[in-house]
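Enquirer: Got upload.txt for you, compact mmCIF, C-alpha atoms:
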```txt
# COMPACT_ATOMS: atom_id res chain seq x y z
CA GLN A 979 122.80 144.68 147.04
CA SER A 980 124.51 141.52 146.05
CA ARG A 981 124.36 140.00 142.62
CA TYR A 982 122.21 137.20 144.10
CA SER A 983 119.50 139.54 145.33
CA SER A 984 116.92 138.07 142.95
CA ILE A 985 117.14 134.72 144.72
CA SER A 986 115.02 134.47 147.83
CA ALA A 987 116.18 133.18 151.19
CA THR A 988 114.85 129.74 150.28
CA GLY A 989 116.94 129.69 147.10
CA ALA A 990 113.91 129.84 144.82
CA VAL A 991 113.92 131.98 141.72
CA PRO A 992 111.06 134.51 141.68
CA ALA A 993 107.82 133.28 140.07
CA ARG A 994 108.02 135.66 137.09
CA ARG A 995 111.24 134.10 135.86
CA ASN A 996 109.85 130.59 136.16
CA GLU A 997 106.71 131.65 134.31
CA ALA A 998 108.75 133.21 131.50
CA ARG A 999 110.83 130.05 131.13
CA THR A 1000 107.70 127.88 131.09
CA VAL A 1001 106.02 130.04 128.43
CA ARG A 1002 109.15 130.00 126.26
CA ALA A 1003 109.41 126.22 126.59
CA GLN A 1004 105.74 125.72 125.73
CA ARG A 1005 105.99 127.99 122.67
CA GLY A 1006 109.01 126.10 121.45
CA GLN A 1007 107.29 122.74 121.87
CA SER A 1008 103.90 123.69 120.48
CA SER A 1009 104.92 125.92 117.60
CA GLY A 1010 104.35 124.25 114.22
CA ILE A 1011 107.06 126.39 112.70
CA ASN A 1012 109.87 126.72 115.20
CA ALA A 1013 113.44 127.88 115.00
CA GLU A 1014 115.06 124.47 114.80
CA TYR A 1015 113.36 123.57 111.52
CA GLY A 1016 113.04 126.73 109.54
CA TYR A 1017 110.04 127.59 107.45
CA ARG A 1018 110.85 125.52 104.38
CA GLU A 1019 111.77 122.38 106.28
CA ALA A 1020 108.66 122.61 108.47
CA PHE A 1021 106.42 123.04 105.45
CA ASP A 1022 108.10 120.19 103.56
CA HIS A 1023 107.71 117.93 106.58
CA VAL A 1024 104.00 118.71 106.92
CA ILE A 1025 103.23 118.34 103.21
CA LYS A 1026 105.18 115.09 102.77
CA SER A 1027 104.02 113.37 105.94
CA ARG A 1028 100.40 113.54 104.75
CA HIS A 1029 99.02 115.37 107.76
CA SER A 1030 95.37 116.34 107.71
CA PRO A 1031 94.50 119.23 105.38
CA ASP A 1032 93.60 121.35 108.42
CA ILE A 1033 97.19 121.18 109.67
CA VAL A 1034 98.71 121.89 106.25
CA VAL A 1035 96.41 124.88 105.72
CA SER A 1036 97.23 126.16 109.22
CA VAL A 1037 100.93 126.05 108.37
CA LEU A 1038 100.24 127.86 105.09
CA GLN A 1039 98.29 130.55 106.94
CA GLU A 1040 101.16 130.98 109.37
CA LEU A 1041 103.63 131.29 106.50
CA PHE A 1042 101.49 134.03 104.94
CA ARG A 1043 101.23 135.76 108.32
CA ARG A 1044 105.02 135.69 108.67
CA ASP A 1045 105.45 136.86 105.07
CA ALA A 1046 107.49 133.76 104.27
CA MET A 1047 105.37 132.10 101.58
CA LYS A 1048 107.49 133.16 98.60
CA ARG A 1049 110.68 132.05 100.35
CA VAL A 1050 109.17 128.66 101.13
CA LEU A 1051 107.77 128.03 97.66
CA SER A 1052 110.60 129.43 95.55
CA GLY A 1053 113.54 127.46 94.22
CA ARG A 1054 111.80 124.08 94.19
CA ASN A 1055 112.60 121.31 91.77
CA GLU A 1056 110.13 118.86 90.26
CA ASP A 1057 110.29 116.49 93.24
CA THR A 1058 109.64 119.17 95.86
CA LEU A 1059 107.03 121.08 93.84
CA GLN A 1060 104.88 118.05 93.04
CA PRO A 1061 103.57 117.40 96.58
CA VAL A 1062 102.53 121.06 96.89
CA LEU A 1063 100.64 120.99 93.59
CA VAL A 1064 99.04 117.63 94.38
CA PHE A 1065 97.77 119.03 97.69
CA LEU A 1066 96.39 122.11 95.96
CA VAL A 1067 94.63 120.09 93.26
CA SER A 1068 93.11 117.82 95.90
CA HIS A 1069 91.83 120.48 98.28
CA VAL A 1070 91.41 123.79 96.42
CA THR A 1071 87.67 123.30 95.91
CA ASN A 1072 87.02 122.68 99.61
CA PRO A 1073 85.23 125.82 100.86
CA ARG A 1074 87.13 125.68 104.17
CA TYR A 1075 90.51 125.95 102.45
CA CYS A 1076 89.71 127.70 99.18
CA SER A 1077 90.79 131.24 100.07
CA VAL A 1078 94.18 130.21 101.46
CA LEU A 1079 94.88 127.68 98.72
CA CYS A 1080 93.92 130.14 95.98
CA ASP A 1081 96.47 132.56 97.44
CA VAL A 1082 99.08 129.78 97.38
CA ALA A 1083 98.16 129.00 93.77
CA HIS A 1084 98.70 132.67 92.87
CA VAL A 1085 102.14 132.65 94.45
CA LEU A 1086 103.04 129.43 92.62
CA ALA A 1087 101.80 130.83 89.31
CA ASP A 1088 103.90 133.97 89.81
CA LEU A 1089 107.00 131.98 90.71
CA TYR A 1090 106.79 129.15 88.19
CA SER A 1091 104.98 130.52 85.11
CA PRO A 1092 108.30 131.36 83.40
CA ILE A 1093 109.42 127.73 83.55
CA LEU A 1094 106.19 126.04 82.46
CA GLY A 1095 106.86 123.64 79.64
CA MET A 1096 110.08 122.26 81.07
CA SER A 1097 108.53 119.42 83.09
CA PRO A 1098 105.58 117.46 81.74
CA ALA A 1099 104.58 116.28 85.24
CA ILE A 1100 104.50 119.81 86.65
CA ASP A 1101 102.70 121.12 83.56
CA LYS A 1102 100.05 118.44 83.98
CA LEU A 1103 99.51 119.37 87.64
CA PHE A 1104 99.22 123.07 86.81
CA GLU A 1105 96.70 122.13 84.11
CA LYS A 1106 94.66 120.07 86.61
CA LEU A 1107 94.76 122.94 89.09
CA ASN A 1108 93.58 125.36 86.41
CA LYS A 1109 90.69 123.05 85.44
CA ARG A 1110 89.63 122.63 89.08
CA LEU A 1111 89.67 126.39 89.60
CA GLN A 1112 87.71 127.03 86.39
CA PHE A 1113 85.12 124.44 87.46
CA GLU A 1114 84.88 126.04 90.91
CA ILE A 1115 84.36 129.47 89.35
CA LYS A 1116 81.48 128.10 87.23
CA VAL A 1117 79.91 126.48 90.29
CA GLN A 1118 80.17 129.75 92.23
CA GLU A 1119 78.60 131.67 89.33
CA ARG A 1120 75.67 129.23 89.25
CA TYR A 1121 75.29 129.51 92.99
CA MET A 1122 75.18 133.30 92.79
CA LYS A 1123 72.53 133.18 90.03
CA LEU A 1124 70.43 130.75 92.05
CA GLN A 1125 70.77 132.89 95.15
CA GLY A 1126 69.65 135.96 93.19
CA ALA A 1127 66.66 134.10 91.76
CA MET A 1128 65.66 132.89 95.23
CA GLU A 1129 65.89 136.42 96.64
CA CYS A 1130 63.64 137.69 93.85
CA PHE A 1131 61.14 134.90 94.55
CA PHE A 1132 61.12 135.53 98.29
CA THR A 1133 60.77 139.27 97.80
CA ALA A 1134 57.86 138.80 95.35
CA THR A 1135 56.05 136.41 97.70
CA GLY A 1136 56.78 138.45 100.80
CA LEU A 1137 58.70 135.66 102.55
CA SER A 1138 61.92 137.60 103.13
```
Please express what this file holds, its structure, as structure tokens.
Expert:
Amino acid sequence: QSRYSSISATGAVPARRNEARTVRAQRGQSSGINAEYGYREAFDHVIKSRHSPDIVVSVLQELFRRDAMKRVLSGRNEDTLQPVLVFLVSHVTNPRYCSVLCDVAHVLADLYSPILGMSPAIDKLFEKLNKRLQFEIKVQERYMKLQGAMECFFTATGLS
């Protein structure tokens, strides 16, 4: 066999190789977090360019899936931490994003709690985030009480 045995008589490369190249090219073009950017740069781009919250949360989910969240969020200064906190404060009470953004808030609290008090702007944003989360917890508690009362009512009236 010659070293060109994988090329057909017409000079075409077998279909499998073409398919593999096409799939690799599509992954590279469609991936939100690809090799040329790196995780941190991709996240910074998405958060600063004011993409829709769906896109930002999708990137955050992917960072968690790849176990890269701490790497992406660590080592930030006031200027690079502010957009992340502003996004969290704005969207943490949205039921669609709450679980992911609460996880991000936990990571941020773990990473930056030792340096609280050094930047008034960051402290203020952490305070706002805390107040939003406390409010959301109270709303959820009220919802659970109401749901329990409704279940009791429906059970007593035989409507369940």
Enquirer: Pull the closest atom pair for each residue of range 1058-1132 of chain A that gets at most 12 Å from range 1044-1050 of chain A, along with the distance in Å to one decimal, counting all atoms listed in the file, ordering rows by chain and then ascending residue number, as JSON lines.
Expert:
```
{"residue": "A:Thr1058", "atom": "CA", "partner": "A:Val1050", "partner_atom": "CA", "distance": 10.9}
{"residue": "A:Leu1059", "atom": "CA", "partner": "A:Val1050", "partner_atom": "CA", "distance": 10.7}
{"residue": "A:Val1062", "atom": "CA", "partner": "A:Val1050", "partner_atom": "CA", "distance": 10.9}
{"residue": "A:Val1078", "atom": "CA", "partner": "A:Met1047", "partner_atom": "CA", "distance": 11.3}
{"residue": "A:Leu1079", "atom": "CA", "partner": "A:Met1047", "partner_atom": "CA", "distance": 11.7}
{"residue": "A:Asp1081", "atom": "CA", "partner": "A:Met1047", "partner_atom": "CA", "distance": 9.8}
{"residue": "A:Val1082", "atom": "CA", "partner": "A:Met1047", "partner_atom": "CA", "distance": 7.9}
{"residue": "A:Ala1083", "atom": "CA", "partner": "A:Met1047", "partner_atom": "CA", "distance": 11.1}
{"residue": "A:His1084", "atom": "CA", "partner": "A:Lys1048", "partner_atom": "CA", "distance": 10.5}
{"residue": "A:Val1085", "atom": "CA", "partner": "A:Lys1048", "partner_atom": "CA", "distance": 6.8}
{"residue": "A:Leu1086", "atom": "CA", "partner": "A:Lys1048", "partner_atom": "CA", "distance": 8.3}
{"residue": "A:Ala1087", "atom": "CA", "partner": "A:Lys1048", "partner_atom": "CA", "distance": 11.1}
{"residue": "A:Asp1088", "atom": "CA", "partner": "A:Lys1048", "partner_atom": "CA", "distance": 9.5}
{"residue": "A:Leu1089", "atom": "CA", "partner": "A:Lys1048", "partner_atom": "CA", "distance": 8.0}
{"residue": "A:Tyr1090", "atom": "CA", "partner": "A:Lys1048", "partner_atom": "CA", "distance": 11.2}
```
Enquirer: Skipping near chain neighbours, those fewer than 3 positions away, what residues fall within 12 Å of Glu1105 in chain A using only C-alpha atoms, listed as an MDAnalysis selection string?
Expert: chainID A and resid 1063:1064 1066:1067 1083 1087 1091 1094:1095 1098:1102 1108:1112
Enquirer: Using all atoms listed in the file, pick whichever of A:Pro1061, A:Cys1130, A:Tyr1075, A:Glu1056 has the shortest atom-to-atom distance to Ile1033 in chain A.
Expert: A:Tyr1075
Enquirer: Work out how far CA of Arg1054 in chain A is from CA of Phe1021 in chain A, in Å to one decimal.
Expert: 12.5 Å
Enquirer: One decimal, Å: what's the distance from CA of Pro1073 in chain A over to CA of Ser1052 in chain A, could you say?
Expert: 26.2 Å
Enquirer: Counting all atoms listed in the file, which of A:Val1024, A:Gln1125, A:Asp1032, A:Leu1137 gets nearest to Cys1076 in chain A?
Expert: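 Residue with the minimum atom-to-atom distance to Cys1076 in chain A: A:Asp1032.
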Enquirer: Between CA of Arg1074 in chain A and CA of His1029 in chain A, what is the distance, to one decimal in Å?
Expert: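 Taking CA of Arg1074 in chain A and CA of His1029 in chain A, their separation equals 16.1 Å.
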